[in-house]
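What's in structure35.pdb: PDB, C-alpha atoms, pLDDT in the B column
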```pdb
ATOM      1  CA  MET A   1       0.000   0.000   0.000  1.00 93.00           C
ATOM      2  CA  GLN A   2       1.088   3.544  -0.716  1.00 96.00           C
ATOM      3  CA  ALA A   3       0.212   6.891   0.878  1.00 97.00           C
ATOM      4  CA  LEU A   4       1.379  10.478   0.542  1.00 98.00           C
ATOM      5  CA  GLY A   5       3.165  11.954   3.546  1.00 98.00           C
ATOM      6  CA  ILE A   6       3.537  15.711   4.010  1.00 98.00           C
ATOM      7  CA  ASP A   7       5.728  17.084   6.812  1.00 98.00           C
ATOM      8  CA  ILE A   8       5.027  20.691   7.825  1.00 97.00           C
ATOM      9  CA  GLY A   9       7.846  22.437   9.657  1.00 94.00           C
ATOM     10  CA  GLY A  10       8.599  25.965  10.737  1.00 92.00           C
ATOM     11  CA  THR A  11      11.055  26.494   7.863  1.00 92.00           C
ATOM     12  CA  GLY A  12      10.095  23.913   5.214  1.00 96.00           C
ATOM     13  CA  ILE A  13       7.160  21.822   4.001  1.00 98.00           C
ATOM     14  CA  LYS A  14       8.139  18.567   2.326  1.00 98.00           C
ATOM     15  CA  GLY A  15       6.382  15.472   1.065  1.00 98.00           C
ATOM     16  CA  ALA A  16       6.646  12.273  -0.924  1.00 98.00           C
ATOM     17  CA  PRO A  17       4.679   9.088  -1.595  1.00 98.00           C
ATOM     18  CA  VAL A  18       5.675   6.265   0.763  1.00 98.00           C
ATOM     19  CA  ASP A  19       5.592   2.474   0.542  1.00 97.00           C
ATOM     20  CA  LEU A  20       3.869   1.571   3.811  1.00 97.00           C
ATOM     21  CA  ASP A  21       5.321  -1.945   3.884  1.00 96.00           C
ATOM     22  CA  THR A  22       8.940  -0.770   3.794  1.00 97.00           C
ATOM     23  CA  GLY A  23       8.845   2.882   4.894  1.00 97.00           C
ATOM     24  CA  LYS A  24      10.749   3.854   1.741  1.00 98.00           C
ATOM     25  CA  LEU A  25      10.023   7.019  -0.236  1.00 98.00           C
ATOM     26  CA  LEU A  26       8.781   6.153  -3.715  1.00 98.00           C
ATOM     27  CA  ALA A  27       9.964   9.411  -5.300  1.00 98.00           C
ATOM     28  CA  ASP A  28      12.336  12.256  -4.541  1.00 98.00           C
ATOM     29  CA  ARG A  29      10.718  14.417  -1.918  1.00 97.00           C
ATOM     30  CA  LYS A  30       9.298  17.797  -2.871  1.00 98.00           C
ATOM     31  CA  LYS A  31      10.265  20.624  -0.519  1.00 98.00           C
ATOM     32  CA  ILE A  32       8.926  24.179  -0.463  1.00 98.00           C
ATOM     33  CA  ALA A  33       9.874  26.882   2.051  1.00 98.00           C
ATOM     34  CA  THR A  34       7.278  27.487   4.744  1.00 97.00           C
ATOM     35  CA  PRO A  35       5.533  30.776   3.896  1.00 97.00           C
ATOM     36  CA  GLN A  36       6.038  33.716   6.246  1.00 96.00           C
ATOM     37  CA  PRO A  37       3.747  34.418   7.971  1.00 96.00           C
ATOM     38  CA  ALA A  38       2.748  30.741   8.126  1.00 97.00           C
ATOM     39  CA  THR A  39      -1.015  31.344   8.189  1.00 97.00           C
ATOM     40  CA  PRO A  40      -3.559  28.568   7.596  1.00 98.00           C
ATOM     41  CA  GLU A  41      -4.309  29.895   4.099  1.00 98.00           C
ATOM     42  CA  ALA A  42      -0.667  30.195   3.067  1.00 98.00           C
ATOM     43  CA  VAL A  43       0.389  26.798   4.455  1.00 98.00           C
ATOM     44  CA  THR A  44      -2.651  25.076   2.930  1.00 98.00           C
ATOM     45  CA  GLU A  45      -1.690  26.434  -0.486  1.00 98.00           C
ATOM     46  CA  VAL A  46       1.793  24.905  -0.140  1.00 98.00           C
ATOM     47  CA  VAL A  47       0.302  21.570   0.975  1.00 98.00           C
ATOM     48  CA  LYS A  48      -1.811  21.679  -2.190  1.00 98.00           C
ATOM     49  CA  GLN A  49       1.295  22.365  -4.296  1.00 98.00           C
ATOM     50  CA  VAL A  50       3.225  19.472  -2.744  1.00 98.00           C
ATOM     51  CA  ALA A  51       0.361  17.018  -3.386  1.00 98.00           C
ATOM     52  CA  ALA A  52      -0.119  18.329  -6.939  1.00 98.00           C
ATOM     53  CA  SER A  53       3.573  17.854  -7.718  1.00 98.00           C
ATOM     54  CA  PHE A  54       2.985  14.084  -7.462  1.00 98.00           C
ATOM     55  CA  GLY A  55      -0.451  14.164  -9.110  1.00 96.00           C
ATOM     56  CA  TRP A  56      -1.689  12.550  -5.906  1.00 95.00           C
ATOM     57  CA  THR A  57      -5.281  11.306  -5.570  1.00 92.00           C
ATOM     58  CA  GLY A  58      -4.949   8.560  -2.925  1.00 94.00           C
ATOM     59  CA  VAL A  59      -4.864   8.672   0.862  1.00 95.00           C
ATOM     60  CA  ALA A  60      -2.641  11.281   2.480  1.00 98.00           C
ATOM     61  CA  GLY A  61      -1.330  12.328   5.871  1.00 98.00           C
ATOM     62  CA  ALA A  62       0.253  15.526   7.140  1.00 98.00           C
ATOM     63  CA  THR A  63       2.203  16.522  10.222  1.00 98.00           C
ATOM     64  CA  PHE A  64       1.917  19.806  12.101  1.00 97.00           C
ATOM     65  CA  PRO A  65       4.415  21.469  14.485  1.00 96.00           C
ATOM     66  CA  GLY A  66       2.080  21.666  17.461  1.00 96.00           C
ATOM     67  CA  VAL A  67      -0.610  19.842  19.406  1.00 97.00           C
ATOM     68  CA  VAL A  68      -3.172  18.181  17.128  1.00 98.00           C
ATOM     69  CA  ILE A  69      -6.391  16.670  18.513  1.00 97.00           C
ATOM     70  CA  GLY A  70      -8.954  15.182  16.134  1.00 95.00           C
ATOM     71  CA  GLY A  71      -7.409  17.053  13.208  1.00 96.00           C
ATOM     72  CA  THR A  72      -7.759  20.408  14.998  1.00 98.00           C
ATOM     73  CA  ILE A  73      -4.723  22.500  15.951  1.00 98.00           C
ATOM     74  CA  ARG A  74      -4.374  23.354  19.654  1.00 98.00           C
ATOM     75  CA  SER A  75      -0.948  25.041  19.739  1.00 97.00           C
ATOM     76  CA  ALA A  76       1.338  26.808  17.268  1.00 95.00           C
ATOM     77  CA  ALA A  77       4.732  27.761  18.668  1.00 90.00           C
ATOM     78  CA  ASN A  78       6.641  28.026  15.376  1.00 91.00           C
ATOM     79  CA  VAL A  79       3.903  28.960  12.900  1.00 94.00           C
ATOM     80  CA  ASP A  80       1.267  31.710  12.891  1.00 96.00           C
ATOM     81  CA  LYS A  81      -0.924  31.792  16.015  1.00 97.00           C
ATOM     82  CA  SER A  82      -4.042  32.015  13.814  1.00 98.00           C
ATOM     83  CA  TRP A  83      -3.703  28.231  13.417  1.00 98.00           C
ATOM     84  CA  ILE A  84      -4.988  27.648  16.953  1.00 98.00           C
ATOM     85  CA  GLY A  85      -8.524  26.261  16.732  1.00 98.00           C
ATOM     86  CA  SER A  86      -8.273  25.595  12.984  1.00 98.00           C
ATOM     87  CA  ASP A  87      -9.488  22.284  11.553  1.00 98.00           C
ATOM     88  CA  ALA A  88      -6.356  21.403   9.588  1.00 98.00           C
ATOM     89  CA  ALA A  89      -7.722  18.065   8.379  1.00 97.00           C
ATOM     90  CA  THR A  90     -10.687  19.780   6.700  1.00 98.00           C
ATOM     91  CA  LEU A  91      -8.563  22.611   5.268  1.00 98.00           C
ATOM     92  CA  PHE A  92      -5.981  20.255   3.755  1.00 98.00           C
ATOM     93  CA  GLY A  93      -8.582  17.733   2.598  1.00 97.00           C
ATOM     94  CA  LYS A  94     -10.503  20.352   0.631  1.00 97.00           C
ATOM     95  CA  ALA A  95      -7.271  21.692  -0.866  1.00 97.00           C
ATOM     96  CA  ILE A  96      -5.980  18.366  -2.192  1.00 97.00           C
ATOM     97  CA  GLY A  97      -9.340  16.690  -2.808  1.00 96.00           C
ATOM     98  CA  THR A  98      -8.831  13.603  -0.643  1.00 94.00           C
ATOM     99  CA  ASP A  99      -9.176  12.558   3.007  1.00 91.00           C
ATOM    100  CA  ILE A 100      -6.146  13.470   5.061  1.00 96.00           C
ATOM    101  CA  GLN A 101      -4.992  12.545   8.561  1.00 96.00           C
ATOM    102  CA  VAL A 102      -3.153  15.227  10.556  1.00 98.00           C
ATOM    103  CA  LEU A 103      -0.931  14.567  13.578  1.00 97.00           C
ATOM    104  CA  ASN A 104       1.865  16.194  15.556  1.00 97.00           C
ATOM    105  CA  ASP A 105       5.138  16.245  13.610  1.00 96.00           C
ATOM    106  CA  ALA A 106       7.325  14.611  16.256  1.00 97.00           C
ATOM    107  CA  ASP A 107       4.669  11.960  16.938  1.00 97.00           C
ATOM    108  CA  ALA A 108       4.750  11.101  13.234  1.00 97.00           C
ATOM    109  CA  ALA A 109       8.543  10.921  13.165  1.00 97.00           C
ATOM    110  CA  GLY A 110       8.533   8.770  16.275  1.00 98.00           C
ATOM    111  CA  VAL A 111       6.021   6.286  14.864  1.00 97.00           C
ATOM    112  CA  ALA A 112       8.172   5.914  11.742  1.00 98.00           C
ATOM    113  CA  GLU A 113      11.327   5.346  13.788  1.00 97.00           C
ATOM    114  CA  MET A 114       9.594   2.818  16.056  1.00 97.00           C
ATOM    115  CA  THR A 115       8.396   0.871  13.022  1.00 96.00           C
ATOM    116  CA  PHE A 116      11.271   1.115  10.542  1.00 97.00           C
ATOM    117  CA  GLY A 117      14.145   2.839  12.333  1.00 97.00           C
ATOM    118  CA  ALA A 118      16.165   3.174  15.513  1.00 97.00           C
ATOM    119  CA  GLY A 119      13.309   2.211  17.840  1.00 97.00           C
ATOM    120  CA  LYS A 120      12.236  -0.960  16.033  1.00 96.00           C
ATOM    121  CA  GLY A 121      11.740  -3.798  18.514  1.00 95.00           C
ATOM    122  CA  VAL A 122      12.351  -1.673  21.626  1.00 96.00           C
ATOM    123  CA  ARG A 123       9.507  -2.275  24.092  1.00 91.00           C
ATOM    124  CA  GLY A 124      10.661  -0.117  26.994  1.00 95.00           C
ATOM    125  CA  THR A 125      10.313   3.666  27.263  1.00 98.00           C
ATOM    126  CA  VAL A 126      11.588   5.435  24.148  1.00 98.00           C
ATOM    127  CA  LEU A 127      11.817   9.201  23.645  1.00 98.00           C
ATOM    128  CA  MET A 128      12.065  10.643  20.136  1.00 98.00           C
ATOM    129  CA  LEU A 129      13.301  14.242  19.928  1.00 98.00           C
ATOM    130  CA  THR A 130      13.393  16.264  16.710  1.00 96.00           C
ATOM    131  CA  PHE A 131      15.785  19.213  16.548  1.00 96.00           C
ATOM    132  CA  GLY A 132      14.806  21.797  13.948  1.00 94.00           C
ATOM    133  CA  THR A 133      13.043  25.171  14.128  1.00 93.00           C
ATOM    134  CA  GLY A 134      11.968  24.011  17.587  1.00 95.00           C
ATOM    135  CA  VAL A 135      12.306  20.768  19.529  1.00 97.00           C
ATOM    136  CA  GLY A 136       9.556  18.197  19.066  1.00 96.00           C
ATOM    137  CA  SER A 137       9.020  15.126  21.221  1.00 98.00           C
ATOM    138  CA  ALA A 138       7.322  11.751  20.986  1.00 98.00           C
ATOM    139  CA  LEU A 139       7.114   9.364  23.944  1.00 98.00           C
ATOM    140  CA  PHE A 140       6.539   5.613  23.649  1.00 97.00           C
ATOM    141  CA  THR A 141       6.175   2.911  26.254  1.00 95.00           C
ATOM    142  CA  GLY A 142       5.592  -0.698  25.322  1.00 93.00           C
ATOM    143  CA  GLY A 143       5.445   0.502  21.723  1.00 93.00           C
ATOM    144  CA  LEU A 144       2.435   2.745  22.431  1.00 95.00           C
ATOM    145  CA  LEU A 145       2.524   6.463  21.648  1.00 96.00           C
ATOM    146  CA  VAL A 146       1.670   9.080  24.278  1.00 96.00           C
ATOM    147  CA  ARG A 147       0.429  11.844  21.974  1.00 96.00           C
ATOM    148  CA  ASN A 148       1.301  15.545  21.961  1.00 97.00           C
ATOM    149  CA  THR A 149       3.909  15.579  24.735  1.00 97.00           C
ATOM    150  CA  GLU A 150       5.611  18.856  23.665  1.00 95.00           C
ATOM    151  CA  PHE A 151       8.701  18.376  25.864  1.00 98.00           C
ATOM    152  CA  GLY A 152      10.501  21.018  23.792  1.00 97.00           C
ATOM    153  CA  HIS A 153       8.680  23.591  25.909  1.00 96.00           C
ATOM    154  CA  LEU A 154      10.085  22.453  29.231  1.00 97.00           C
ATOM    155  CA  GLU A 155      11.718  25.303  31.105  1.00 96.00           C
ATOM    156  CA  VAL A 156      15.512  25.203  31.310  1.00 97.00           C
ATOM    157  CA  ARG A 157      17.345  28.140  32.919  1.00 95.00           C
ATOM    158  CA  GLY A 158      14.114  30.145  32.874  1.00 96.00           C
ATOM    159  CA  LYS A 159      13.520  29.765  29.132  1.00 94.00           C
ATOM    160  CA  ASP A 160      11.700  27.463  26.740  1.00 96.00           C
ATOM    161  CA  ALA A 161      14.154  24.593  26.216  1.00 97.00           C
ATOM    162  CA  GLU A 162      13.815  24.776  22.447  1.00 96.00           C
ATOM    163  CA  LYS A 163      15.156  28.342  22.399  1.00 96.00           C
ATOM    164  CA  ARG A 164      18.568  26.932  23.421  1.00 96.00           C
ATOM    165  CA  ALA A 165      18.512  23.317  22.239  1.00 98.00           C
ATOM    166  CA  SER A 166      16.985  23.586  18.739  1.00 97.00           C
ATOM    167  CA  GLU A 167      18.930  23.691  15.502  1.00 96.00           C
ATOM    168  CA  HIS A 168      17.444  27.170  14.993  1.00 96.00           C
ATOM    169  CA  GLY A 169      18.907  28.241  18.351  1.00 97.00           C
ATOM    170  CA  LYS A 170      22.339  26.985  17.300  1.00 98.00           C
ATOM    171  CA  ILE A 171      22.202  28.985  14.063  1.00 97.00           C
ATOM    172  CA  GLU A 172      20.665  32.097  15.643  1.00 97.00           C
ATOM    173  CA  HIS A 173      23.340  32.333  18.335  1.00 97.00           C
ATOM    174  CA  GLY A 174      26.220  31.198  16.140  1.00 98.00           C
ATOM    175  CA  TRP A 175      27.140  28.387  18.513  1.00 98.00           C
ATOM    176  CA  GLY A 176      29.691  25.796  17.469  1.00 98.00           C
ATOM    177  CA  TRP A 177      29.021  22.100  17.946  1.00 98.00           C
ATOM    178  CA  LYS A 178      30.555  21.999  21.442  1.00 98.00           C
ATOM    179  CA  GLU A 179      28.692  25.079  22.708  1.00 98.00           C
ATOM    180  CA  TRP A 180      25.384  23.881  21.328  1.00 98.00           C
ATOM    181  CA  THR A 181      25.805  20.295  22.482  1.00 98.00           C
ATOM    182  CA  GLU A 182      26.429  21.465  26.058  1.00 98.00           C
ATOM    183  CA  ARG A 183      22.954  23.022  25.957  1.00 98.00           C
ATOM    184  CA  VAL A 184      21.417  19.927  24.375  1.00 98.00           C
ATOM    185  CA  SER A 185      23.037  17.746  27.086  1.00 98.00           C
ATOM    186  CA  GLU A 186      21.550  19.939  29.816  1.00 98.00           C
ATOM    187  CA  TYR A 187      18.122  19.681  28.175  1.00 98.00           C
ATOM    188  CA  LEU A 188      18.370  15.895  27.796  1.00 98.00           C
ATOM    189  CA  GLN A 189      19.291  15.570  31.470  1.00 98.00           C
ATOM    190  CA  VAL A 190      16.121  17.468  32.431  1.00 98.00           C
ATOM    191  CA  VAL A 191      13.902  15.308  30.201  1.00 98.00           C
ATOM    192  CA  GLU A 192      15.577  12.100  31.343  1.00 98.00           C
ATOM    193  CA  ALA A 193      14.901  12.994  34.974  1.00 98.00           C
ATOM    194  CA  LEU A 194      11.178  13.221  34.140  1.00 97.00           C
ATOM    195  CA  VAL A 195      10.532  10.146  31.963  1.00 98.00           C
ATOM    196  CA  SER A 196      13.598   7.848  32.378  1.00 98.00           C
ATOM    197  CA  PRO A 197      13.784   6.528  28.806  1.00 98.00           C
ATOM    198  CA  GLU A 198      16.029   3.596  27.979  1.00 98.00           C
ATOM    199  CA  LEU A 199      16.493   4.956  24.452  1.00 98.00           C
ATOM    200  CA  ILE A 200      16.541   8.524  23.123  1.00 98.00           C
ATOM    201  CA  ILE A 201      16.274   8.886  19.337  1.00 98.00           C
ATOM    202  CA  VAL A 202      17.486  12.225  17.985  1.00 98.00           C
ATOM    203  CA  GLY A 203      16.071  13.379  14.672  1.00 96.00           C
ATOM    204  CA  GLY A 204      15.175  16.497  12.711  1.00 92.00           C
ATOM    205  CA  GLY A 205      17.255  18.269  10.106  1.00 87.00           C
ATOM    206  CA  ILE A 206      20.437  18.274  12.188  1.00 94.00           C
ATOM    207  CA  SER A 207      20.347  14.467  12.597  1.00 93.00           C
ATOM    208  CA  LYS A 208      22.121  14.095   9.253  1.00 94.00           C
ATOM    209  CA  GLU A 209      25.203  15.527  10.986  1.00 97.00           C
ATOM    210  CA  SER A 210      24.834  13.373  14.088  1.00 96.00           C
ATOM    211  CA  GLU A 211      28.462  12.225  14.010  1.00 97.00           C
ATOM    212  CA  LYS A 212      29.487  15.827  14.795  1.00 98.00           C
ATOM    213  CA  TRP A 213      27.451  16.204  17.965  1.00 98.00           C
ATOM    214  CA  VAL A 214      25.940  13.000  19.371  1.00 97.00           C
ATOM    215  CA  PRO A 215      29.387  11.783  20.611  1.00 97.00           C
ATOM    216  CA  LEU A 216      29.747  15.099  22.489  1.00 98.00           C
ATOM    217  CA  LEU A 217      26.582  14.611  24.591  1.00 98.00           C
ATOM    218  CA  THR A 218      27.296  14.096  28.301  1.00 98.00           C
ATOM    219  CA  GLY A 219      25.526  13.290  31.560  1.00 98.00           C
ATOM    220  CA  VAL A 220      22.772  11.153  30.010  1.00 98.00           C
ATOM    221  CA  ARG A 221      22.267   7.540  31.092  1.00 98.00           C
ATOM    222  CA  ALA A 222      19.939   6.529  28.264  1.00 98.00           C
ATOM    223  CA  ARG A 223      21.258   5.087  25.024  1.00 98.00           C
ATOM    224  CA  ILE A 224      21.204   7.785  22.326  1.00 98.00           C
ATOM    225  CA  GLU A 225      20.746   6.888  18.666  1.00 97.00           C
ATOM    226  CA  PRO A 226      20.394   9.102  15.580  1.00 97.00           C
ATOM    227  CA  ALA A 227      17.138   8.700  13.676  1.00 97.00           C
ATOM    228  CA  ALA A 228      17.661   6.009  11.036  1.00 97.00           C
ATOM    229  CA  LEU A 229      15.233   7.757   8.673  1.00 96.00           C
ATOM    230  CA  LEU A 230      16.948  11.103   9.341  1.00 92.00           C
ATOM    231  CA  ASN A 231      14.713  14.012   8.344  1.00 91.00           C
ATOM    232  CA  ASP A 232      12.359  11.826   6.262  1.00 95.00           C
ATOM    233  CA  ALA A 233      10.824  10.305   9.403  1.00 96.00           C
ATOM    234  CA  GLY A 234       7.989  12.851   9.526  1.00 96.00           C
ATOM    235  CA  ILE A 235       7.007  12.150   5.915  1.00 98.00           C
ATOM    236  CA  VAL A 236       6.964   8.408   6.571  1.00 98.00           C
ATOM    237  CA  GLY A 237       4.976   8.778   9.801  1.00 97.00           C
ATOM    238  CA  ALA A 238       2.404  11.036   8.127  1.00 98.00           C
ATOM    239  CA  ALA A 239       1.918   8.461   5.378  1.00 98.00           C
ATOM    240  CA  MET A 240       1.570   5.714   7.980  1.00 97.00           C
ATOM    241  CA  ALA A 241      -1.205   7.674   9.718  1.00 96.00           C
ATOM    242  CA  ALA A 242      -3.009   7.982   6.390  1.00 95.00           C
ATOM    243  CA  GLY A 243      -2.759   4.254   5.794  1.00 91.00           C
ATOM    244  CA  GLY A 244      -3.724   3.274   9.324  1.00 87.00           C
ATOM    245  CA  ARG A 245      -0.318   1.734   9.997  1.00 79.00           C
ATOM    246  CA  GLY A 246       0.996   1.928  13.521  1.00 66.00           C
ATOM    247  CA  VAL A 247      -0.796   5.142  14.519  1.00 59.00           C
ATOM    248  CA  PRO A 248      -3.817   4.399  16.690  1.00 48.00           C
ATOM    249  CA  GLY A 249      -6.879   6.433  15.737  1.00 41.00           C
ATOM    250  CA  GLU A 250      -7.997   9.123  18.131  1.00 40.00           C
ATOM    251  CA  GLU A 251     -11.136   8.631  20.142  1.00 34.00           C
TER     252      GLU A 251
END
```
Please express what this file holds, its structure, as structure tokens.
Amino acid sequence: MQALGIDIGGTGIKGAPVDLDTGKLLADRKKIATPQPATPEAVTEVVKQVAASFGWTGVAGATFPGVVIGGTIRSAANVDKSWIGSDAATLFGKAIGTDIQVLNDADAAGVAEMTFGAGKGVRGTVLMLTFGTGVGSALFTGGLLVRNTEFGHLEVRGKDAEKRASEHGKIEHGWGWKEWTERVSEYLQVVEALVSPELIIVGGGISKESEKWVPLLTGVRARIEPAALLNDAGIVGAAMAAGGRGVPGEE
């Protein structure tokens, strides 16, 4: 079975058709810069463009960088605040002409990694963290997803953790790998104290350079692994939600 996955981030919106049996992309992904301001109308138009670039008419899924409940957006830290209360599933579905499932971006990436990537076969507590415009989180125990955890907004040194630990924070402040990784280590220590994962999977755009920073992380007891699907995990997880694979439906 195939499905289209679209991953909406604070800086880029990307998508591709996915083979749900293997988790492999079936075409080169299409990526378009996230419009600024990232209003519902502007983002929906880009979602439409991504789907149209593949001539897609089948089932589709999309991620969103915030809390998503029943297809409706409940938070919007890194996109326009006018998203809050919007029915993203209806907006996107009308735009591309097919039913679409919408879920939190880190939850989608985590589901993909638990099925096809670094978390496959791990039944204990697993924490997926995505480092990009912000920091997204997905928590699993016994293979089950605890939705919409948003651990990127934990307070560290009086600030939102993602302001210091995200890839955007690294770029904004001009930190080198060592300076940035010290902040990521501090953040991971805070999260670990709360949920005691046996495995932490690090993903997002910066995961493709994991060899430069993961070995520098300190003070964390959990095993740390880079996302095997790198920054395609969100696309794969969105497609899985569309195809009913590994993402339990919401009540």
### Task
List, as a count of residues only, every residue that the PyMOL selection byres ((chain A and resi 234) around 12) selects in the file provided.
54
### Query
So what does the PyMOL selection byres ((chain A and resi 67-74) around 7) actually pick up in this one, as a PyMOL selection string?
chain A and resi 66+75+83-89+101-104+148+250
### Task
Identify, on the basis of only C-alpha atoms, every residue whose closest approach to Ala52 (chain A) does not exceed 12 Å; exclude the query and any residue fewer than 2 positions from it along the same chain; express the result as a ChimeraX atom specification.
/A:4,6,15-17,30,45-50,54-58,95-98
### Query
If I put a ball of radius 6 Å at (12.9, 20.8, 21.0) in the file's coordinates, which residues poke into it when counting all atoms listed in the file, written as a PyMOL selection string?
chain A and resi 131+134-136+152+162+166
#### Entry: Residues in the PyMOL selection byres ((chain A and resi 187-200) around 7), expressed as a PyMOL selection string
chain A and resi 124-128+156+161+165+183-186+201-202+219-220+222-225
### Task
Mind checking which residues fall within 7 Å of Asp99 (chain A), counting all atoms listed in the file, ignoring those fewer than 2 positions away in the same chain, and posting them as a ChimeraX atom specification?
/A:59-60,93,101
### Query
With distances taken over all atoms listed in the file, which of A:Val122, A:Thr11, A:Thr141, A:Phe116 is nearest to Lys24 (chain A)?
A:Phe116
